[in-house]
$ cat structure_25.txt   # compact mmCIF, C-alpha atoms and all ligand atoms
# COMPACT_ATOMS: atom_id res chain seq x y z
CA MET A 15 -35.74 -13.61 15.79
CA PRO A 16 -35.55 -17.37 15.36
CA ILE A 17 -33.12 -18.57 12.70
CA ILE A 18 -35.64 -21.11 11.42
CA SER A 19 -39.33 -20.50 11.52
CA ILE A 20 -41.77 -23.14 10.31
CA SER A 21 -45.48 -22.46 10.20
CA ASN A 22 -48.34 -24.84 9.50
CA LEU A 23 -46.18 -27.01 7.31
CA SER A 24 -47.91 -29.97 5.67
CA LYS A 25 -46.65 -32.47 3.18
CA ALA A 26 -48.23 -35.60 1.74
CA TYR A 27 -46.34 -37.93 -0.58
CA SER A 28 -48.00 -38.90 -3.84
CA ASP A 29 -49.06 -42.24 -2.35
CA GLY A 30 -51.13 -40.34 0.21
CA THR A 31 -48.74 -40.67 3.17
CA ASN A 32 -49.17 -37.62 5.41
CA ALA A 33 -45.51 -37.14 6.23
CA LEU A 34 -45.93 -33.68 7.81
CA ASP A 35 -49.14 -32.51 9.39
CA GLU A 36 -49.40 -28.82 10.33
CA VAL A 37 -45.93 -28.57 11.79
CA ASN A 38 -45.02 -25.42 13.69
CA LEU A 39 -41.51 -25.03 15.00
CA GLU A 40 -39.04 -22.28 15.73
CA VAL A 41 -35.34 -22.89 16.07
CA ASN A 42 -33.26 -20.33 17.92
CA GLU A 43 -29.89 -19.20 16.67
CA GLY A 44 -27.04 -21.07 18.32
CA GLU A 45 -29.07 -23.85 19.88
CA ILE A 46 -28.89 -27.57 19.36
CA ILE A 47 -32.31 -29.01 18.75
CA ALA A 48 -32.97 -32.70 18.38
CA LEU A 49 -35.88 -33.96 16.31
CA LEU A 50 -36.65 -37.17 18.05
CA GLY A 51 -39.10 -39.74 16.82
CA PRO A 52 -39.54 -43.34 15.70
CA ASN A 53 -38.79 -44.44 12.15
CA GLY A 54 -41.29 -42.94 9.73
CA ALA A 55 -42.16 -40.02 12.05
CA GLY A 56 -41.30 -37.47 9.37
CA LYS A 57 -37.88 -36.29 10.57
CA THR A 58 -36.08 -36.63 7.24
CA THR A 59 -39.04 -35.14 5.38
CA LEU A 60 -39.02 -32.14 7.70
CA ILE A 61 -35.34 -31.35 7.31
CA SER A 62 -35.48 -31.99 3.56
CA THR A 63 -38.21 -29.38 3.20
CA ILE A 64 -36.28 -26.87 5.32
CA CYS A 65 -33.24 -27.40 3.14
CA GLY A 66 -35.33 -26.94 0.02
CA LEU A 67 -34.70 -30.44 -1.31
CA LEU A 68 -38.35 -31.37 -1.13
CA THR A 69 -41.51 -29.42 -1.93
CA PHE A 70 -44.38 -29.12 0.53
CA ASP A 71 -48.13 -28.66 0.14
CA SER A 72 -48.96 -25.83 2.49
CA GLY A 73 -47.47 -23.60 5.16
CA GLY A 74 -44.14 -21.85 4.99
CA ILE A 75 -40.52 -21.93 6.12
CA LYS A 76 -38.14 -19.07 6.77
CA VAL A 77 -34.43 -19.49 7.28
CA GLY A 78 -32.45 -16.48 8.45
CA GLY A 79 -35.54 -14.40 7.68
CA TYR A 80 -35.69 -15.54 4.03
CA ASP A 81 -38.39 -17.66 2.45
CA THR A 82 -37.04 -21.08 1.50
CA VAL A 83 -39.07 -21.17 -1.72
CA THR A 84 -38.91 -17.67 -3.14
CA GLU A 85 -35.44 -16.92 -1.76
CA TYR A 86 -33.99 -20.38 -2.06
CA ARG A 87 -30.47 -19.31 -3.05
CA ARG A 88 -30.12 -17.18 0.05
CA THR A 89 -31.46 -19.78 2.46
CA ARG A 90 -29.48 -22.65 0.93
CA LYS A 91 -26.24 -20.76 1.49
CA LEU A 92 -26.84 -20.63 5.22
CA ILE A 93 -27.37 -24.37 5.46
CA GLY A 94 -25.18 -27.43 5.65
CA LEU A 95 -26.94 -30.78 5.40
CA VAL A 96 -25.34 -34.08 6.24
CA PRO A 97 -27.75 -36.71 4.93
CA GLN A 98 -28.12 -40.15 6.37
CA GLU A 99 -26.73 -41.95 3.35
CA VAL A 100 -23.22 -41.50 2.10
CA MET A 101 -23.11 -40.08 -1.42
CA LEU A 102 -19.60 -39.46 -2.71
CA GLU A 103 -17.58 -39.73 -5.92
CA PRO A 104 -15.45 -42.86 -5.46
CA PHE A 105 -12.54 -41.71 -7.65
CA GLU A 106 -12.20 -38.24 -6.16
CA THR A 107 -9.65 -37.46 -3.43
CA VAL A 108 -10.79 -36.41 0.01
CA TYR A 109 -9.35 -32.92 -0.39
CA ASP A 110 -10.94 -32.32 -3.79
CA THR A 111 -14.30 -33.60 -2.62
CA VAL A 112 -14.37 -31.05 0.17
CA ARG A 113 -12.93 -28.25 -1.97
CA PHE A 114 -15.50 -28.92 -4.68
CA THR A 115 -18.44 -28.60 -2.28
CA ARG A 116 -17.11 -25.29 -1.02
CA GLY A 117 -16.92 -24.15 -4.64
CA MET A 118 -20.49 -25.23 -5.28
CA PHE A 119 -21.60 -22.78 -2.65
CA GLY A 120 -19.81 -20.04 -4.49
CA TYR A 121 -16.77 -19.76 -2.24
CA PRO A 122 -13.19 -19.75 -3.56
CA GLU A 123 -10.72 -22.34 -2.33
CA ASN A 124 -9.44 -21.40 1.09
CA LYS A 125 -6.60 -23.64 2.22
CA GLU A 126 -6.82 -22.52 5.80
CA ILE A 127 -10.52 -23.33 6.14
CA LEU A 128 -10.21 -26.64 4.32
CA THR A 129 -7.18 -27.66 6.39
CA ASN A 130 -8.99 -26.76 9.55
CA VAL A 131 -12.09 -28.75 8.63
CA LEU A 132 -10.08 -31.81 7.58
CA GLN A 133 -8.04 -31.71 10.77
CA LYS A 134 -11.09 -31.36 12.95
CA LEU A 135 -12.50 -34.52 11.44
CA SER A 136 -9.21 -36.46 11.58
CA LEU A 137 -9.11 -36.54 7.78
CA TRP A 138 -5.94 -34.55 7.22
CA ASP A 139 -3.70 -37.60 6.85
CA LYS A 140 -6.10 -39.05 4.32
CA ARG A 141 -6.58 -35.93 2.24
CA LYS A 142 -4.82 -37.40 -0.82
CA GLN A 143 -6.61 -40.73 -0.72
CA MET A 144 -9.44 -41.59 -3.02
CA ILE A 145 -12.90 -41.91 -1.49
CA LYS A 146 -13.13 -45.56 -2.56
CA GLU A 147 -10.13 -46.38 -0.36
CA LEU A 148 -11.83 -45.15 2.79
CA SER A 149 -13.73 -47.10 5.42
CA GLY A 150 -17.41 -46.41 6.01
CA GLY A 151 -16.69 -44.29 9.07
CA MET A 152 -14.15 -42.22 7.18
CA LYS A 153 -16.64 -41.64 4.37
CA ARG A 154 -19.09 -40.30 6.91
CA ARG A 155 -16.46 -37.90 8.13
CA VAL A 156 -15.99 -36.70 4.55
CA MET A 157 -19.74 -36.11 4.28
CA ILE A 158 -19.55 -33.86 7.30
CA ALA A 159 -16.37 -32.13 6.13
CA LYS A 160 -18.07 -31.27 2.83
CA ASP A 161 -20.82 -29.47 4.63
CA LEU A 162 -18.55 -27.66 7.01
CA SER A 163 -16.40 -26.47 4.10
CA HIS A 164 -18.70 -23.55 3.38
CA SER A 165 -19.06 -22.51 7.03
CA PRO A 166 -22.84 -22.86 7.31
CA ARG A 167 -24.73 -21.03 10.04
CA ILE A 168 -27.06 -23.98 10.45
CA LEU A 169 -26.00 -27.58 10.26
CA PHE A 170 -28.50 -30.39 9.78
CA LEU A 171 -27.38 -33.84 10.82
CA ASP A 172 -29.75 -36.62 9.80
CA GLU A 173 -29.24 -39.59 12.13
CA PRO A 174 -25.57 -38.70 12.55
CA THR A 175 -24.61 -41.71 14.60
CA ALA A 176 -26.90 -44.43 13.24
CA GLY A 177 -24.64 -47.41 12.66
CA VAL A 178 -21.35 -45.64 13.29
CA ASP A 179 -18.56 -46.90 15.51
CA VAL A 180 -18.02 -45.68 19.04
CA GLU A 181 -15.02 -43.57 18.13
CA LEU A 182 -16.84 -41.68 15.41
CA ARG A 183 -19.82 -41.20 17.67
CA GLN A 184 -17.56 -39.62 20.30
CA ASP A 185 -15.92 -37.41 17.66
CA MET A 186 -19.33 -36.40 16.42
CA TRP A 187 -20.37 -35.26 19.87
CA ASN A 188 -17.15 -33.29 20.27
CA LEU A 189 -17.61 -31.75 16.87
CA VAL A 190 -21.16 -30.70 17.63
CA ASP A 191 -19.90 -29.13 20.86
CA SER A 192 -17.21 -27.13 19.12
CA LEU A 193 -19.58 -25.99 16.38
CA LYS A 194 -22.03 -24.83 18.98
CA SER A 195 -19.38 -22.79 20.72
CA ASN A 196 -18.72 -21.14 17.35
CA GLY A 197 -22.35 -20.11 17.22
CA VAL A 198 -23.53 -22.67 14.67
CA THR A 199 -27.15 -23.74 15.04
CA ILE A 200 -27.55 -27.50 14.91
CA VAL A 201 -30.63 -29.51 14.03
CA LEU A 202 -30.16 -33.22 14.42
CA THR A 203 -32.55 -36.06 13.94
CA THR A 204 -32.32 -39.24 15.89
CA HIS A 205 -34.37 -42.12 17.11
CA TYR A 206 -31.98 -42.63 20.02
CA ILE A 207 -33.32 -40.95 23.13
CA GLU A 208 -29.88 -41.18 24.68
CA GLU A 209 -28.40 -39.16 21.88
CA ALA A 210 -30.98 -36.41 22.12
CA GLU A 211 -30.38 -36.39 25.86
CA MET A 212 -26.62 -36.11 25.42
CA MET A 213 -26.45 -33.40 22.78
CA ALA A 214 -29.55 -31.28 22.63
CA ASP A 215 -30.59 -28.05 24.34
CA ARG A 216 -34.17 -28.69 23.25
CA ILE A 217 -36.01 -31.76 22.12
CA ALA A 218 -38.89 -31.83 19.65
CA LEU A 219 -40.76 -35.10 19.62
CA LEU A 220 -42.26 -36.06 16.27
CA ASN A 221 -44.74 -38.81 15.58
CA LYS A 222 -46.77 -39.49 12.45
CA GLY A 223 -45.90 -36.12 10.95
CA LYS A 224 -46.95 -34.15 14.02
CA ILE A 225 -44.91 -32.35 16.65
CA ILE A 226 -45.99 -33.86 19.95
CA PHE A 227 -44.05 -31.37 22.04
CA VAL A 228 -41.00 -29.15 22.05
CA GLU A 229 -39.33 -28.82 25.40
CA ASN A 230 -36.07 -27.84 27.04
CA LYS A 231 -34.08 -30.93 27.73
CA ASP A 232 -33.49 -29.95 31.33
CA SER A 233 -37.17 -29.56 32.15
CA LEU A 234 -37.82 -32.82 30.39
CA MET A 235 -35.20 -34.48 32.52
CA THR A 236 -36.80 -33.29 35.73
CA ARG A 237 -39.81 -35.35 34.71
CA LEU A 238 -37.47 -38.26 35.17
CA GLY A 239 -37.80 -37.58 38.86
CA GLU A 240 -41.27 -39.06 38.62
CA LYS A 241 -41.72 -42.40 40.28
CA GLU A 242 -44.59 -44.79 40.31
CA LEU A 243 -45.87 -46.53 43.39
CA THR A 244 -48.00 -49.57 42.63
CA ILE A 245 -50.21 -50.64 45.50
CA LYS A 246 -51.64 -54.11 45.06
CA PHE A 247 -54.71 -55.34 46.93
CA LYS A 248 -56.00 -58.78 47.85
CA SER A 249 -59.23 -58.43 45.89
CA PRO A 250 -60.35 -56.32 42.90
CA ILE A 251 -61.53 -52.75 43.43
CA SER A 252 -64.76 -51.76 41.70
CA SER A 253 -63.92 -48.05 41.83
CA ILE A 254 -61.46 -45.77 43.60
CA PRO A 255 -62.85 -45.10 47.13
CA GLU A 256 -64.19 -41.61 47.81
CA ALA A 257 -61.51 -40.93 50.43
CA LEU A 258 -58.72 -41.49 47.88
CA LEU A 259 -60.10 -39.36 45.07
CA LYS A 260 -57.92 -36.41 46.05
CA TYR A 261 -54.78 -38.32 45.01
CA LYS A 262 -53.43 -38.70 41.47
CA LEU A 263 -54.30 -42.39 41.28
CA ALA A 264 -54.95 -44.74 38.40
CA LEU A 265 -56.68 -48.08 38.63
CA SER A 266 -54.86 -50.93 36.91
CA GLN A 267 -56.58 -52.89 34.16
CA ASP A 268 -57.02 -55.99 36.36
CA ARG A 269 -58.49 -53.69 39.05
CA LEU A 270 -56.14 -55.17 41.62
CA SER A 271 -53.77 -52.23 41.89
CA LEU A 272 -53.73 -48.49 42.33
CA VAL A 273 -50.86 -46.63 40.73
CA TYR A 274 -49.64 -43.43 42.36
CA LEU A 275 -47.34 -40.99 40.56
CA TYR A 276 -45.07 -38.84 42.69
CA ASP A 277 -41.95 -36.74 42.47
CA ASN A 278 -39.25 -38.46 44.46
CA LYS A 279 -37.20 -35.27 44.65
CA ALA A 280 -40.05 -33.30 46.21
CA SER A 281 -39.91 -32.59 49.95
CA ARG A 282 -43.34 -34.21 50.39
CA THR A 283 -44.22 -37.15 48.22
CA GLY A 284 -47.67 -37.62 49.73
CA ILE A 285 -47.00 -41.31 50.30
CA THR A 286 -47.43 -41.26 54.07
CA ARG A 287 -50.78 -39.53 53.82
CA LEU A 288 -51.93 -41.81 51.05
CA MET A 289 -51.03 -44.96 53.00
CA ARG A 290 -52.84 -43.66 56.06
CA ASP A 291 -55.94 -42.92 54.00
CA ILE A 292 -55.79 -46.37 52.43
CA ALA A 293 -55.56 -47.98 55.88
CA ALA A 294 -58.79 -46.20 56.81
CA THR A 295 -60.67 -47.83 53.90
CA ASP A 296 -61.66 -51.49 53.82
CA LEU A 297 -59.06 -52.31 51.14
CA VAL A 298 -56.60 -55.05 52.11
CA LEU A 299 -52.99 -54.66 50.98
CA GLN A 300 -51.19 -57.44 49.18
CA ASP A 301 -47.97 -55.83 47.93
CA LEU A 302 -46.12 -52.59 47.19
CA LYS A 303 -43.77 -51.80 44.34
CA THR A 304 -42.03 -48.63 43.17
CA SER A 305 -40.54 -47.96 39.76
CA GLN A 306 -38.82 -45.03 38.12
CA SER A 307 -40.13 -43.86 34.78
CA SER A 308 -37.48 -43.26 32.17
CA LEU A 309 -37.41 -40.74 29.36
CA GLU A 310 -38.21 -43.70 27.17
CA ASP A 311 -41.40 -44.48 29.09
CA ILE A 312 -42.46 -40.87 28.83
CA PHE A 313 -42.00 -40.91 25.05
CA VAL A 314 -43.67 -44.25 24.57
CA SER A 315 -46.70 -43.11 26.53
CA LEU A 316 -46.87 -39.83 24.61
CA ILE A 317 -46.59 -41.55 21.26
CA ARG A 318 -49.29 -44.04 22.15
CA SER A 319 -51.81 -41.50 23.31
N1 LIG B 401 -40.36 -40.73 -1.18
C1 LIG B 401 -41.38 -41.16 -0.43
N2 LIG B 401 -42.54 -41.57 -0.98
C2 LIG B 401 -43.58 -41.97 -0.22
N3 LIG B 401 -43.57 -41.99 1.12
C3 LIG B 401 -42.45 -41.60 1.74
C4 LIG B 401 -41.30 -41.16 1.00
N4 LIG B 401 -40.33 -40.83 1.90
C5 LIG B 401 -40.86 -41.05 3.11
N5 LIG B 401 -42.11 -41.51 3.03
C6 LIG B 401 -43.02 -41.82 4.15
O1 LIG B 401 -43.24 -40.63 4.89
C7 LIG B 401 -43.22 -40.89 6.28
C8 LIG B 401 -42.11 -40.11 6.94
O2 LIG B 401 -40.85 -40.60 6.48
P1 LIG B 401 -39.47 -39.97 6.93
O3 LIG B 401 -39.54 -38.49 6.83
O4 LIG B 401 -38.40 -40.64 6.15
O5 LIG B 401 -39.41 -40.40 8.47
P2 LIG B 401 -38.17 -40.51 9.47
O6 LIG B 401 -37.02 -39.78 8.88
O7 LIG B 401 -38.67 -39.90 10.75
O8 LIG B 401 -37.89 -41.96 9.65
C9 LIG B 401 -43.09 -42.40 6.41
O9 LIG B 401 -44.36 -42.94 6.54
C10 LIG B 401 -42.43 -42.81 5.12
O10 LIG B 401 -42.78 -44.12 4.79
MG MG B 402 -35.08 -40.41 8.44

$ encode --input "structure_25.txt" --output "structure tokens" --more "lines below"
Ligand SMILES: Nc1ncnc2c1ncn2[C@@H]1O[C@H](COP(=O)(O)OP(=O)(O)O)[C@@H](O)[C@H]1O
Ligand SMILES: [Mg+2]
Amino acid sequence: MPIISISNLSKAYSDGTNALDEVNLEVNEGEIIALLGPNGAGKTTLISTICGLLTFDSGGIKVGGYDTVTEYRRTRKLIGLVPQEVMLEPFETVYDTVRFTRGMFGYPENKEILTNVLQKLSLWDKRKQMIKELSGGMKRRVMIAKDLSHSPRILFLDEPTAGVDVELRQDMWNLVDSLKSNGVTIVLTTHYIEEAEMMADRIALLNKGKIIFVENKDSLMTRLGEKELTIKFKSPISSIPEALLKYKLALSQDRLSLVYLYDNKASRTGITRLMRDIAATDLVLQDLKTSQSSLEDIFVSLIRS
């Protein structure tokens, strides 16, 4: 059974913005899933509805088998949410801030757990300092510590590394790794492809409130093996010649080039055959160029279409 199950979820804001449009998504226990998408895609809206911080118009969400609306108290207890913005009491100490959050979830103070969490986030030495004395990066660490203090089974990280320093970013990745090995399910949002690539087991691409696809990162990465061969001719082509129709070819907008997609890791790329078939037509070659498509290109083309 998936630990999170979202069906036909839709949400429009009062100004008419369709932030979520019939979203279906299942998250498996223990996996790291990245919700990837440009700004405004609906990532924050989606995790806010899962966490029960935001209402939705139609559809449903189950967390750990419980309904997030009718069994809110049960689902909320399973969840830790680290929001994008830092919200902390400036005059509270680090230790008390974290202890207080644990208490809010109905758990008694547990020195061992709190010590462990603070150490993991390099906050132990600062435990007696007031929040207002901390740097921005340290405050972020406190935000995470708060949510780990009640040992959630699912941790949501909303843009965890947007605008953070390199050191914190590295720590964040290590932390995510160690949480995963403890069986915690992690849902992170990001608009950095690199980050999704680095951390996630699966990637869900969101755009304009819709899930474009959900795919294993590894199978997505094999698409990176795709290369493009651009064959330029001396004069424009009115249409792709009959003899070349069996190839996966696209005609460029200026009609001067044919673009051939192939897998450069495959044993046969088809290039030799294609070039031979081109030579047999009356097309006259001008130039050849190959380029590798990146994950970024793949996303950009998917988002555009
Ligand atoms: N409180 C709000 N009121 C109206 N529109 C909102 C509100 N919050 C977000 N939106 C809009 O909903 C869409 C999705 O926003 P959001 O979930 O924040 O996207 P993301 O986190 O992917 O950047 C955007 O078009 C955004 O402008
Ligand atoms: Mg957001």

$ closest_residue --input "structure_25.txt" --among "A:Asn42, A:Gln184, A:Ser19, A:Thr295" --to "Phe247 (chain A)" --atoms "only C-alpha atoms"
A:Thr295

$ residues_around --input "structure_25.txt" --residues "Asp161 (chain A)" --least-positions-apart "2" --cutoff "12 Å" --atoms "only C-alpha atoms" --output "MDAnalysis selection string"
chainID A and resid 90:97 111:119 128 131:132 135 154:159 163:171

$ atom_distance --input "structure_25.txt" --atom1 "CA of Ile245 (chain A)" --atom2 "CA of Tyr274 (chain A)"
7.9 Å

$ residues_near_ligand --input "structure_25.txt" --ligand "ligand MG 402 (chain B)" --cutoff "7 Å" --atoms "all atoms listed in the file" --output "PyMOL selection string"
chain A and resi 53-54+56-58+172-173

$ write_last_selection --input "structure_25.txt" --atoms "C-alpha atoms" --output "mmCIF file, in the coordinates of the input"
data_model
loop_
_atom_site.group_PDB
_atom_site.id
_atom_site.type_symbol
_atom_site.label_atom_id
_atom_site.label_comp_id
_atom_site.auth_asym_id
_atom_site.auth_seq_id
_atom_site.Cartn_x
_atom_site.Cartn_y
_atom_site.Cartn_z
ATOM 1 C CA ASN A 53 -38.790 -44.440 12.150
ATOM 2 C CA GLY A 54 -41.290 -42.940 9.730
ATOM 3 C CA GLY A 56 -41.300 -37.470 9.370
ATOM 4 C CA LYS A 57 -37.880 -36.290 10.570
ATOM 5 C CA THR A 58 -36.080 -36.630 7.240
ATOM 6 C CA ASP A 172 -29.750 -36.620 9.800
ATOM 7 C CA GLU A 173 -29.240 -39.590 12.130
#

$ closest_residue --input "structure_25.txt" --among "A:Glu211, A:Glu99, A:Ile292, A:Ser149" --to "Pro174 (chain A)" --atoms "all atoms listed in the file"
A:Glu99

$ residues_near_ligand --input "structure_25.txt" --ligand "ligand LIG 401 (chain B)" --cutoff "10 Å" --atoms "only C-alpha atoms and all ligand atoms" --output "compact mmCIF listing (two decimals) with C-alpha atoms, in the frame of the given file"
# COMPACT_ATOMS: atom_id res chain seq x y z
CA LYS A 25 -46.65 -32.47 3.18
CA ALA A 26 -48.23 -35.60 1.74
CA TYR A 27 -46.34 -37.93 -0.58
CA SER A 28 -48.00 -38.90 -3.84
CA ASP A 29 -49.06 -42.24 -2.35
CA GLY A 30 -51.13 -40.34 0.21
CA THR A 31 -48.74 -40.67 3.17
CA ASN A 32 -49.17 -37.62 5.41
CA ALA A 33 -45.51 -37.14 6.23
CA LEU A 34 -45.93 -33.68 7.81
CA LEU A 49 -35.88 -33.96 16.31
CA LEU A 50 -36.65 -37.17 18.05
CA GLY A 51 -39.10 -39.74 16.82
CA PRO A 52 -39.54 -43.34 15.70
CA ASN A 53 -38.79 -44.44 12.15
CA GLY A 54 -41.29 -42.94 9.73
CA ALA A 55 -42.16 -40.02 12.05
CA GLY A 56 -41.30 -37.47 9.37
CA LYS A 57 -37.88 -36.29 10.57
CA THR A 58 -36.08 -36.63 7.24
CA THR A 59 -39.04 -35.14 5.38
CA LEU A 60 -39.02 -32.14 7.70
CA ILE A 61 -35.34 -31.35 7.31
CA SER A 62 -35.48 -31.99 3.56
CA THR A 63 -38.21 -29.38 3.20
CA LEU A 68 -38.35 -31.37 -1.13
CA GLN A 98 -28.12 -40.15 6.37
CA ASP A 172 -29.75 -36.62 9.80
CA GLU A 173 -29.24 -39.59 12.13
CA THR A 203 -32.55 -36.06 13.94
CA THR A 204 -32.32 -39.24 15.89
CA HIS A 205 -34.37 -42.12 17.11
CA LEU A 220 -42.26 -36.06 16.27
CA ASN A 221 -44.74 -38.81 15.58
CA LYS A 222 -46.77 -39.49 12.45
CA GLY A 223 -45.90 -36.12 10.95

$ atom_distance --input "structure_25.txt" --atom1 "CA of Glu256 (chain A)" --atom2 "CA of Met289 (chain A)"
14.5 Å

$ residues_near_point --input "structure_25.txt" --point "(-38.5, -36.6, 46.0)" --cutoff "12 Å" --atoms "all atoms listed in the file" --output "list in words"
Thr236, Arg237, Leu238, Gly239, Glu240, Lys241, Glu242, Leu275, Tyr276, Asp277, Asn278, Lys279, Ala280, Ser281, Arg282, Thr283, Gly284, Ile285 and Gln306 of chain A

$ write_last_selection --input "structure_25.txt" --atoms "C-alpha atoms" --output "CSV table (one decimal), in the frame of the given file"
chain,number,residue,atom,x,y,z
A,236,THR,CA,-36.8,-33.3,35.7
A,237,ARG,CA,-39.8,-35.4,34.7
A,238,LEU,CA,-37.5,-38.3,35.2
A,239,GLY,CA,-37.8,-37.6,38.9
A,240,GLU,CA,-41.3,-39.1,38.6
A,241,LYS,CA,-41.7,-42.4,40.3
A,242,GLU,CA,-44.6,-44.8,40.3
A,275,LEU,CA,-47.3,-41.0,40.6
A,276,TYR,CA,-45.1,-38.8,42.7
A,277,ASP,CA,-42.0,-36.7,42.5
A,278,ASN,CA,-39.2,-38.5,44.5
A,279,LYS,CA,-37.2,-35.3,44.6
A,280,ALA,CA,-40.0,-33.3,46.2
A,281,SER,CA,-39.9,-32.6,50.0
A,282,ARG,CA,-43.3,-34.2,50.4
A,283,THR,CA,-44.2,-37.2,48.2
A,284,GLY,CA,-47.7,-37.6,49.7
A,285,ILE,CA,-47.0,-41.3,50.3
A,306,GLN,CA,-38.8,-45.0,38.1

$ atom_distance --input "structure_25.txt" --atom1 "CA of Leu189 (chain A)" --atom2 "CA of Ala210 (chain A)"
15.1 Å

$ closest_residue --input "structure_25.txt" --among "A:Gly150, A:Gly177, A:Gly44, A:Gly73" --to "Ser21 (chain A)" --atoms "only C-alpha atoms"
A:Gly73

$ closest_residue --input "structure_25.txt" --among "A:Met212, A:Thr199, A:Val178, A:Phe313" --to "Pro16 (chain A)" --atoms "only C-alpha atoms"
A:Thr199

$ residues_near_point --input "structure_25.txt" --point "(-44.7, -25.5, 9.3)" --cutoff "6 Å" --atoms "all atoms listed in the file" --output "list in words"
Ile20, Ser21, Asn22, Leu23, Glu36, Val37, Asn38, Gly73 and Gly74 of chain A

$ closest_residue --input "structure_25.txt" --among "A:Lys231, A:Lys303, A:Arg290, A:Lys76" --to "Ala257 (chain A)" --atoms "only C-alpha atoms"
A:Arg290

$ axis_aligned_box --input "structure_25.txt" --around "region 66-70 of chain A" --padding-each-side "3 Å" --output "JSON"
{"center_x": -39.5, "center_y": -29.2, "center_z": -0.7, "size_x": 15.7, "size_y": 10.4, "size_z": 8.5}
